[in-house]
>>> print(open('entry03.pdb').read())   # PDB, C-alpha atoms and all ligand atoms
ATOM      1  CA  MET A   1       9.371  49.051 -37.860
ATOM      2  CA  ALA A   2      12.464  46.930 -38.455
ATOM      3  CA  PRO A   3      14.300  45.895 -35.275
ATOM      4  CA  ILE A   4      17.552  47.722 -34.553
ATOM      5  CA  PRO A   5      20.431  45.366 -35.347
ATOM      6  CA  GLY A   6      21.978  43.988 -32.144
ATOM      7  CA  SER A   7      18.980  44.940 -29.892
ATOM      8  CA  GLY A   8      18.169  41.259 -29.230
ATOM      9  CA  LEU A   9      21.735  40.667 -28.055
ATOM     10  CA  ALA A  10      21.603  43.739 -25.784
ATOM     11  CA  LYS A  11      18.302  42.559 -24.295
ATOM     12  CA  GLY A  12      19.736  39.098 -23.664
ATOM     13  CA  LEU A  13      22.839  40.533 -21.996
ATOM     14  CA  ALA A  14      20.670  42.796 -19.825
ATOM     15  CA  VAL A  15      18.702  39.748 -18.598
ATOM     16  CA  THR A  16      21.961  37.899 -17.896
ATOM     17  CA  LEU A  17      23.383  40.811 -15.914
ATOM     18  CA  ARG A  18      20.161  41.228 -13.923
ATOM     19  CA  THR A  19      20.063  37.541 -13.045
ATOM     20  CA  MET A  20      23.760  37.443 -12.116
ATOM     21  CA  THR A  21      23.288  40.049  -9.415
ATOM     22  CA  LYS A  22      20.209  38.379  -7.861
ATOM     23  CA  LYS A  23      20.473  36.071  -4.819
ATOM     24  CA  THR A  24      20.400  32.458  -5.957
ATOM     25  CA  VAL A  25      17.452  30.359  -4.761
ATOM     26  CA  THR A  26      18.699  26.979  -5.958
ATOM     27  CA  ALA A  27      19.537  24.676  -3.039
ATOM     28  CA  GLN A  28      22.613  22.572  -3.744
ATOM     29  CA  TYR A  29      21.074  19.407  -2.299
ATOM     30  CA  PRO A  30      22.554  16.956  -1.206
ATOM     31  CA  ASP A  31      25.645  19.076  -0.449
ATOM     32  CA  VAL A  32      23.417  21.560   1.376
ATOM     33  CA  GLN A  33      20.470  20.267   3.417
ATOM     34  CA  PRO A  34      17.206  22.162   2.893
ATOM     35  CA  GLU A  35      15.781  24.194   5.760
ATOM     36  CA  LEU A  36      12.405  22.571   6.230
ATOM     37  CA  PRO A  37       9.491  24.034   8.187
ATOM     38  CA  PRO A  38       8.995  22.308  11.566
ATOM     39  CA  ARG A  39       5.623  20.856  10.529
ATOM     40  CA  THR A  40       7.000  19.181   7.402
ATOM     41  CA  ARG A  41       5.314  15.837   6.641
ATOM     42  CA  GLY A  42       8.421  13.819   5.893
ATOM     43  CA  VAL A  43       7.855  10.484   7.571
ATOM     44  CA  ILE A  44       5.921   9.056  10.526
ATOM     45  CA  GLY A  45       7.729   8.322  13.787
ATOM     46  CA  LEU A  46       6.397   5.852  16.366
ATOM     47  CA  PHE A  47       6.802   6.392  20.112
ATOM     48  CA  GLU A  48       5.980   2.819  20.985
ATOM     49  CA  GLU A  49       5.937   3.315  24.767
ATOM     50  CA  ASN A  50       2.720   5.303  24.242
ATOM     51  CA  CYS A  51       1.101   2.767  21.910
ATOM     52  CA  THR A  52      -1.631   0.695  23.557
ATOM     53  CA  VAL A  53      -2.353  -1.297  20.362
ATOM     54  CA  CYS A  54      -5.847   0.177  20.220
ATOM     55  CA  MET A  55      -5.749  -0.253  16.395
ATOM     56  CA  LEU A  56      -7.480   3.072  15.779
ATOM     57  CA  CYS A  57      -4.765   4.305  13.409
ATOM     58  CA  ALA A  58      -4.855   1.091  11.345
ATOM     59  CA  ARG A  59      -8.656   1.194  11.169
ATOM     60  CA  GLU A  60      -8.850   4.854  10.142
ATOM     61  CA  CYS A  61      -5.977   4.788   7.607
ATOM     62  CA  PRO A  62      -7.686   5.311   4.219
ATOM     63  CA  ASP A  63      -4.937   3.351   2.453
ATOM     64  CA  TRP A  64      -4.816   0.388   4.852
ATOM     65  CA  CYS A  65      -1.053   0.686   4.947
ATOM     66  CA  ILE A  66      -0.509   0.319   8.715
ATOM     67  CA  TYR A  67       0.185  -3.258   9.822
ATOM     68  CA  ILE A  68      -0.107  -4.075  13.528
ATOM     69  CA  ASP A  69       0.263  -7.446  15.265
ATOM     70  CA  SER A  70      -0.048  -7.965  18.993
ATOM     71  CA  HIS A  71      -0.780 -10.536  21.665
ATOM     72  CA  LYS A  72      -2.353 -10.366  25.117
ATOM     73  CA  GLU A  73      -0.340 -10.727  28.278
ATOM     74  CA  THR A  74      -1.563 -11.217  31.847
ATOM     75  CA  VAL A  75      -0.334  -8.683  34.353
ATOM     76  CA  PRO A  76      -0.285  -9.587  38.073
ATOM     77  CA  PRO A  77      -2.680  -7.570  40.287
ATOM     78  CA  ALA A  78      -1.427  -4.162  41.381
ATOM     79  CA  VAL A  79      -2.510  -4.802  45.002
ATOM     80  CA  GLU A  80      -2.664  -8.003  46.983
ATOM     81  CA  GLY A  81      -6.002  -9.742  46.534
ATOM     82  CA  GLY A  82      -6.747  -7.742  43.380
ATOM     83  CA  ARG A  83      -7.652  -9.140  40.002
ATOM     84  CA  GLU A  84      -5.168 -10.043  37.288
ATOM     85  CA  ARG A  85      -5.341  -7.730  34.313
ATOM     86  CA  SER A  86      -4.534  -8.299  30.679
ATOM     87  CA  ARG A  87      -2.748  -5.896  28.358
ATOM     88  CA  ASN A  88      -1.852  -5.785  24.689
ATOM     89  CA  VAL A  89       1.784  -6.274  23.764
ATOM     90  CA  LEU A  90       2.955  -4.932  20.431
ATOM     91  CA  ASP A  91       4.599  -7.517  18.165
ATOM     92  CA  ARG A  92       4.674  -5.644  14.894
ATOM     93  CA  PHE A  93       4.037  -2.061  13.797
ATOM     94  CA  ALA A  94       4.852  -1.261  10.190
ATOM     95  CA  ILE A  95       3.846   1.379   7.654
ATOM     96  CA  ASP A  96       4.017   0.863   3.896
ATOM     97  CA  PHE A  97       5.170   4.252   2.636
ATOM     98  CA  SER A  98       4.624   3.200  -0.971
ATOM     99  CA  LEU A  99       0.882   3.319  -0.218
ATOM    100  CA  CYS A 100       0.814   6.080   2.397
ATOM    101  CA  MET A 101      -0.582   9.371   1.065
ATOM    102  CA  TYR A 102       0.704  11.435   3.996
ATOM    103  CA  CYS A 103      -2.804  12.535   4.982
ATOM    104  CA  GLY A 104      -1.933  12.502   8.704
ATOM    105  CA  ILE A 105      -5.194  10.854   9.773
ATOM    106  CA  CYS A 106      -3.345   8.172  11.787
ATOM    107  CA  ILE A 107      -1.493  10.878  13.725
ATOM    108  CA  GLU A 108      -4.671  12.865  14.321
ATOM    109  CA  VAL A 109      -6.709   9.907  15.582
ATOM    110  CA  CYS A 110      -4.083   8.308  17.845
ATOM    111  CA  PRO A 111      -5.533   8.931  21.326
ATOM    112  CA  PHE A 112      -2.231   8.215  23.079
ATOM    113  CA  ASP A 113       0.255  10.466  21.241
ATOM    114  CA  ALA A 114       2.227   7.576  19.802
ATOM    115  CA  LEU A 115       2.577   8.846  16.223
ATOM    116  CA  PHE A 116       4.308  12.036  15.075
ATOM    117  CA  TRP A 117       5.443  13.712  11.879
ATOM    118  CA  SER A 118       9.189  13.861  11.352
ATOM    119  CA  PRO A 119      10.719  16.110   8.668
ATOM    120  CA  GLU A 120      13.073  13.244   7.648
ATOM    121  CA  PHE A 121      12.671  12.610   3.922
ATOM    122  CA  GLU A 122      15.767  10.731   2.802
ATOM    123  CA  TYR A 123      14.346   7.225   2.616
ATOM    124  CA  ALA A 124      13.913   6.694  -1.114
ATOM    125  CA  GLU A 125      14.389   3.106  -2.269
ATOM    126  CA  THR A 126      14.931   1.537  -5.663
ATOM    127  CA  ASP A 127      12.677  -1.402  -4.727
ATOM    128  CA  ILE A 128       9.092  -0.506  -3.780
ATOM    129  CA  HIS A 129       8.920  -3.439  -1.337
ATOM    130  CA  GLU A 130      11.603  -1.830   0.794
ATOM    131  CA  LEU A 131       9.312   1.105   1.536
ATOM    132  CA  THR A 132       7.509  -0.902   4.226
ATOM    133  CA  HIS A 133       9.239   0.179   7.404
ATOM    134  CA  GLU A 134       9.043  -1.727  10.664
ATOM    135  CA  ARG A 135       8.815  -0.492  14.240
ATOM    136  CA  ASP A 136      12.604  -0.169  14.785
ATOM    137  CA  LYS A 137      12.928   2.222  11.869
ATOM    138  CA  LEU A 138       9.770   4.115  12.867
ATOM    139  CA  ARG A 139      11.203   4.433  16.370
ATOM    140  CA  GLU A 140      14.514   5.730  15.001
ATOM    141  CA  TRP A 141      12.580   8.428  13.136
ATOM    142  CA  MET A 142      10.862   9.373  16.375
ATOM    143  CA  TRP A 143      14.124  10.974  17.546
ATOM    144  CA  THR A 144      14.092  13.312  14.534
ATOM    145  CA  VAL A 145      10.700  14.785  15.476
ATOM    146  CA  PRO A 146      11.155  18.472  16.375
ATOM    147  CA  ALA A 147      10.186  19.636  19.857
ATOM    148  CA  PRO A 148       6.768  21.303  20.010
ATOM    149  CA  PRO A 149       6.752  25.104  20.030
ATOM    150  CA  ALA A 150       6.822  26.758  23.453
ATOM    151  CA  LEU A 151       3.440  27.476  24.995
ATOM    152  CA  ASP A 152       2.052  30.974  24.979
ATOM    153  CA  GLU A 153       2.946  32.669  28.275
ATOM    154  CA  ALA A 154      -0.729  33.289  28.989
ATOM    155  CA  ALA A 155      -1.735  29.705  28.148
ATOM    156  CA  GLU A 156      -3.194  27.372  30.761
ATOM    157  CA  GLU A 157      -0.724  24.906  32.269
ATOM    158  CA  PRO A 158      -1.084  21.528  30.488
ATOM    159  CA  LYS A 159      -2.963  19.088  32.735
ATOM    160  CA  GLU A 160      -0.135  16.504  32.679
ATOM    161  CA  LEU A 161       2.344  19.125  33.927
ATOM    162  CA  ALA A 162      -0.122  20.424  36.512
ATOM    163  CA  ALA A 163      -0.688  16.871  37.839
ATOM    164  CA  ALA A 164       3.077  16.187  38.006
ATOM    165  CA  ARG A 165       3.733  19.538  39.730
ATOM    166  CA  LYS A 166       0.977  18.942  42.322
ATOM    167  CA  ALA A 167       2.300  15.424  43.046
ATOM    168  CA  ALA A 168       5.852  16.793  43.507
ATOM    169  CA  GLU A 169       4.579  19.594  45.796
ATOM    170  CA  LYS A 170       2.556  17.116  47.881
ATOM    171  CA  LEU A 171       5.582  14.815  48.252
ATOM    172  CA  ALA A 172       7.836  17.734  49.229
ATOM    173  CA  ALA A 173       5.264  18.898  51.845
ATOM    174  CA  GLU A 174       5.012  15.364  53.301
ATOM    175  CA  GLN A 175       8.798  15.067  53.475
ATOM    176  CA  ALA A 176       9.082  18.482  55.122
ATOM    177  CA  ALA A 177       6.404  17.528  57.714
ATOM    178  CA  ALA A 178       8.162  14.212  58.469
ATOM    179  CA  ALA A 179      11.623  15.828  58.848
ATOM    180  CA  PRO A 180      12.675  16.609  62.489
ATOM    181  CA  GLN A 181      12.239  20.299  63.394
ATOM    182  CA  PRO A 182      15.200  22.305  64.834
ATOM    183  CA  GLY A 183      15.525  21.587  68.566
ATOM    184  CA  GLU A 184      13.243  18.531  68.263
ATOM    185  CA  ASP A 185      14.513  15.156  69.453
ATOM    186  CA  PRO A 186      14.855  12.965  66.307
ATOM    187  CA  GLN A 187      13.634   9.988  68.422
TER     188      GLN A 187
HETATM  189  S1  LIG A 201      -0.624   9.329   6.841
HETATM  190 FE1  LIG A 201      -2.660   8.665   6.098
HETATM  191  S2  LIG A 201      -2.228   7.150   4.523
HETATM  192 FE2  LIG A 201      -0.334   7.429   5.679
HETATM  193  S3  LIG A 201      -0.373   5.818   7.245
HETATM  194 FE3  LIG A 201      -1.299   7.649   8.161
HETATM  195  S4  LIG A 201      -3.493   7.459   7.789
HETATM  196 FE4  LIG A 201      -2.465   6.011   6.424
HETATM  197  S1  LIG A 202      -3.829   4.710  17.402
HETATM  198 FE1  LIG A 202      -1.966   5.141  18.540
HETATM  199  S2  LIG A 202      -2.119   3.879  20.374
HETATM  200 FE2  LIG A 202      -3.609   3.080  18.892
HETATM  201  S3  LIG A 202      -2.490   1.460  17.794
HETATM  202 FE3  LIG A 202      -2.235   3.337  16.621
HETATM  203  S4  LIG A 202      -0.298   4.204  17.363
HETATM  204 FE4  LIG A 202      -0.963   2.687  18.848
END
>>> encode(input="entry03.pdb", output="structure tokens", more="lines below")
Ligand code: SF4
Ligand code: SF4
Amino acid sequence: MAPIPGSGLAKGLAVTLRTMTKKTVTAQYPDVQPELPPRTRGVIGLFEENCTVCMLCARECPDWCIYIDSHKETVPPAVEGGRERSRNVLDRFAIDFSLCMYCGICIEVCPFDALFWSPEFEYAETDIHELTHERDKLREWMWTVPAPPALDEAAEEPKELAAARKAAEKLAAEQAAAAPQPGEDPQ
């Protein structure tokens, strides 16, 4: 059967009208920032206070794109007569994001919670060599890492918090016991 003249135009106009009334899904980036999920793998942030230079992340990285340099430093004994100890001091921590495949293995294996995903993604460069970012930049990204979700109300208290709470309670009890009681001579 021959098509009715003008039916194609009517169909086209119907599609246009339908689309015009639908909510737009196009994000006007960069005028409007996208709403990213909290676990977005944008870039890796380094919390260097937690890093013990154990080298696990660099060893496990499948792309060998983590560069760490360090030196040893002698620390005086904690108590008189004790032994001197040595500790690693971080000199360089860099990640080459032109090689990184965002697998997250380094973050998973870090035993000291020094690496985190940040949703930050605006670090494109025109020169590939500028995609190697040093510790200062990785530290800056650390402050863009979202806070972890709140614990379930029925969840066990994390052991770090429990230890800190017990220490604070013990200190408060000691201070209360040492304080003079009402009617007691402070001498
Ligand atoms: S995310 Fe994967 S590839 Fe990237 S630095 Fe970490 S371990 Fe290496
Ligand atoms: S695994 Fe963690 S603590 Fe060890 S060197 Fe890497 S970032 Fe530092």
>>> resolve_selection(input="entry03.pdb", expression="the PyMOL selection byres (((chain A and resi 56) around 9) and not hetatm)", output="list in words")
Val53, Cys54, Met55, Cys57, Ala58, Arg59, Glu60, Cys61, Cys106, Val109, Cys110 and Pro111 of chain A
>>> residues_near_ligand(input="entry03.pdb", ligand="ligand LIG 201 (chain A)", cutoff="6 Å", atoms="all atoms listed in the file", output="list in words")
Cys61, Pro62, Asp63, Cys65, Ile66, Cys100, Met101, Tyr102, Cys103, Gly104, Ile105 and Cys106 of chain A
>>> resolve_selection(input="entry03.pdb", expression="the PyMOL selection byres (((chain A and resi 76-91) around 12) and not hetatm)", output="ChimeraX atom specification")
/A:47-55,67-75,92-94,134-136
>>> closest_residue(input="entry03.pdb", among="A:Glu160, A:Lys23, A:Ala154, A:Ala147", to="Pro119 of chain A", atoms="all atoms listed in the file")
A:Ala147
>>> axis_aligned_box(input="entry03.pdb", around="segment 89-99 of chain A", padding_each_side="6 Å", output="AutoDock Vina command-line options")
--center_x 3.0 --center_y -1.6 --center_z 11.4 --size_x 16.3 --size_y 23.8 --size_z 36.7
>>> closest_residue(input="entry03.pdb", among="A:Glu130, A:Glu108, A:Glu125, A:Glu153", to="ligand LIG 202 (chain A)", atoms="all atoms listed in the file")
A:Glu108
>>> closest_residue(input="entry03.pdb", among="A:Glu140, A:Glu156, A:Glu122, A:Glu174", to="Pro30 of chain A", atoms="all atoms listed in the file")
A:Glu122
>>> atom_distance(input="entry03.pdb", atom1="atom CA of Pro3 of chain A", atom2="atom CA of Lys22 of chain A")
29.0 Å
>>> closest_residue(input="entry03.pdb", among="A:Asp113, A:Glu157, A:Asp152, A:Glu169", to="ligand LIG 202 (chain A)", atoms="all atoms listed in the file")
A:Asp113
>>> closest_residue(input="entry03.pdb", among="A:Glu35, A:Leu46, A:Lys159, A:Trp141", to="ligand LIG 202 (chain A)", atoms="only C-alpha atoms and all ligand atoms")
A:Leu46
>>> closest_residue(input="entry03.pdb", among="A:Arg41, A:Lys166, A:Arg18, A:Lys11", to="Ile107 of chain A", atoms="all atoms listed in the file")
A:Arg41
>>> atom_distance(input="entry03.pdb", atom1="atom CA of Leu131 of chain A", atom2="atom CA of Leu99 of chain A")
8.9 Å
>>> residues_around(input="entry03.pdb", residues="His133 of chain A", least_positions_apart="3", cutoff="7 Å", atoms="all atoms listed in the file", output="ChimeraX atom specification")
/A:94-96,137-138
>>> atom_distance(input="entry03.pdb", atom1="atom CA of Pro180 of chain A", atom2="atom CA of Arg165 of chain A")
24.6 Å
>>> build_atoms(input="entry03.pdb", residues="segment 104-131 of chain A", atoms="N, CA and C atoms", output="PDB file, in the frame of the given file")
ATOM      1  N   GLY A 104      -2.056  12.163   7.280  1.00  0.00           N
ATOM      2  CA  GLY A 104      -1.933  12.502   8.704  1.00  0.00           C
ATOM      3  C   GLY A 104      -3.090  12.033   9.567  1.00  0.00           C
ATOM      4  N   ILE A 105      -4.020  11.292   8.987  1.00  0.00           N
ATOM      5  CA  ILE A 105      -5.194  10.854   9.773  1.00  0.00           C
ATOM      6  C   ILE A 105      -4.751   9.974  10.950  1.00  0.00           C
ATOM      7  N   CYS A 106      -3.796   9.071  10.713  1.00  0.00           N
ATOM      8  CA  CYS A 106      -3.345   8.172  11.787  1.00  0.00           C
ATOM      9  C   CYS A 106      -2.807   8.976  12.974  1.00  0.00           C
ATOM     10  N   ILE A 107      -2.089  10.058  12.664  1.00  0.00           N
ATOM     11  CA  ILE A 107      -1.493  10.878  13.725  1.00  0.00           C
ATOM     12  C   ILE A 107      -2.595  11.632  14.475  1.00  0.00           C
ATOM     13  N   GLU A 108      -3.567  12.122  13.715  1.00  0.00           N
ATOM     14  CA  GLU A 108      -4.671  12.865  14.321  1.00  0.00           C
ATOM     15  C   GLU A 108      -5.516  11.985  15.244  1.00  0.00           C
ATOM     16  N   VAL A 109      -5.769  10.733  14.808  1.00  0.00           N
ATOM     17  CA  VAL A 109      -6.709   9.907  15.582  1.00  0.00           C
ATOM     18  C   VAL A 109      -6.057   9.178  16.755  1.00  0.00           C
ATOM     19  N   CYS A 110      -4.726   9.073  16.757  1.00  0.00           N
ATOM     20  CA  CYS A 110      -4.083   8.308  17.845  1.00  0.00           C
ATOM     21  C   CYS A 110      -4.410   8.969  19.186  1.00  0.00           C
ATOM     22  N   PRO A 111      -5.129   8.282  20.068  1.00  0.00           N
ATOM     23  CA  PRO A 111      -5.533   8.931  21.326  1.00  0.00           C
ATOM     24  C   PRO A 111      -4.407   8.987  22.352  1.00  0.00           C
ATOM     25  N   PHE A 112      -3.288   8.331  22.067  1.00  0.00           N
ATOM     26  CA  PHE A 112      -2.231   8.215  23.079  1.00  0.00           C
ATOM     27  C   PHE A 112      -0.917   8.885  22.677  1.00  0.00           C
ATOM     28  N   ASP A 113      -0.948   9.746  21.686  1.00  0.00           N
ATOM     29  CA  ASP A 113       0.255  10.466  21.241  1.00  0.00           C
ATOM     30  C   ASP A 113       1.418   9.516  20.965  1.00  0.00           C
ATOM     31  N   ALA A 114       1.161   8.526  20.124  1.00  0.00           N
ATOM     32  CA  ALA A 114       2.227   7.576  19.802  1.00  0.00           C
ATOM     33  C   ALA A 114       2.782   7.797  18.393  1.00  0.00           C
ATOM     34  N   LEU A 115       2.118   8.612  17.596  1.00  0.00           N
ATOM     35  CA  LEU A 115       2.577   8.846  16.223  1.00  0.00           C
ATOM     36  C   LEU A 115       2.832  10.339  16.009  1.00  0.00           C
ATOM     37  N   PHE A 116       3.918  10.629  15.290  1.00  0.00           N
ATOM     38  CA  PHE A 116       4.308  12.036  15.075  1.00  0.00           C
ATOM     39  C   PHE A 116       4.897  12.201  13.677  1.00  0.00           C
ATOM     40  N   TRP A 117       4.775  13.403  13.142  1.00  0.00           N
ATOM     41  CA  TRP A 117       5.443  13.712  11.879  1.00  0.00           C
ATOM     42  C   TRP A 117       6.902  14.047  12.147  1.00  0.00           C
ATOM     43  N   SER A 118       7.774  13.496  11.322  1.00  0.00           N
ATOM     44  CA  SER A 118       9.189  13.861  11.352  1.00  0.00           C
ATOM     45  C   SER A 118       9.511  14.497  10.003  1.00  0.00           C
ATOM     46  N   PRO A 119      10.389  15.499   9.966  1.00  0.00           N
ATOM     47  CA  PRO A 119      10.719  16.110   8.668  1.00  0.00           C
ATOM     48  C   PRO A 119      11.685  15.250   7.827  1.00  0.00           C
ATOM     49  N   GLU A 120      12.128  14.118   8.364  1.00  0.00           N
ATOM     50  CA  GLU A 120      13.073  13.244   7.648  1.00  0.00           C
ATOM     51  C   GLU A 120      12.477  12.812   6.293  1.00  0.00           C
ATOM     52  N   PHE A 121      13.225  12.968   5.235  1.00  0.00           N
ATOM     53  CA  PHE A 121      12.671  12.610   3.922  1.00  0.00           C
ATOM     54  C   PHE A 121      13.607  11.735   3.087  1.00  0.00           C
ATOM     55  N   GLU A 122      14.794  11.465   3.618  1.00  0.00           N
ATOM     56  CA  GLU A 122      15.767  10.731   2.802  1.00  0.00           C
ATOM     57  C   GLU A 122      15.611   9.222   2.997  1.00  0.00           C
ATOM     58  N   TYR A 123      14.509   8.676   2.498  1.00  0.00           N
ATOM     59  CA  TYR A 123      14.346   7.225   2.616  1.00  0.00           C
ATOM     60  C   TYR A 123      13.844   6.625   1.302  1.00  0.00           C
ATOM     61  N   ALA A 124      14.291   7.223   0.200  1.00  0.00           N
ATOM     62  CA  ALA A 124      13.913   6.694  -1.114  1.00  0.00           C
ATOM     63  C   ALA A 124      14.553   5.319  -1.305  1.00  0.00           C
ATOM     64  N   GLU A 125      13.872   4.449  -2.004  1.00  0.00           N
ATOM     65  CA  GLU A 125      14.389   3.106  -2.269  1.00  0.00           C
ATOM     66  C   GLU A 125      14.249   2.810  -3.762  1.00  0.00           C
ATOM     67  N   THR A 126      15.072   1.916  -4.252  1.00  0.00           N
ATOM     68  CA  THR A 126      14.931   1.537  -5.663  1.00  0.00           C
ATOM     69  C   THR A 126      13.929   0.391  -5.812  1.00  0.00           C
ATOM     70  N   ASP A 127      13.658  -0.318  -4.689  1.00  0.00           N
ATOM     71  CA  ASP A 127      12.677  -1.402  -4.727  1.00  0.00           C
ATOM     72  C   ASP A 127      11.479  -0.987  -3.867  1.00  0.00           C
ATOM     73  N   ILE A 128      10.310  -0.976  -4.476  1.00  0.00           N
ATOM     74  CA  ILE A 128       9.092  -0.506  -3.780  1.00  0.00           C
ATOM     75  C   ILE A 128       8.800  -1.320  -2.508  1.00  0.00           C
ATOM     76  N   HIS A 129       9.186  -2.592  -2.504  1.00  0.00           N
ATOM     77  CA  HIS A 129       8.920  -3.439  -1.337  1.00  0.00           C
ATOM     78  C   HIS A 129       9.702  -2.987  -0.109  1.00  0.00           C
ATOM     79  N   GLU A 130      10.786  -2.275  -0.338  1.00  0.00           N
ATOM     80  CA  GLU A 130      11.603  -1.830   0.794  1.00  0.00           C
ATOM     81  C   GLU A 130      11.056  -0.555   1.435  1.00  0.00           C
ATOM     82  N   LEU A 131       9.913  -0.093   0.936  1.00  0.00           N
ATOM     83  CA  LEU A 131       9.312   1.105   1.536  1.00  0.00           C
ATOM     84  C   LEU A 131       8.374   0.758   2.696  1.00  0.00           C
TER      85      LEU A 131
END
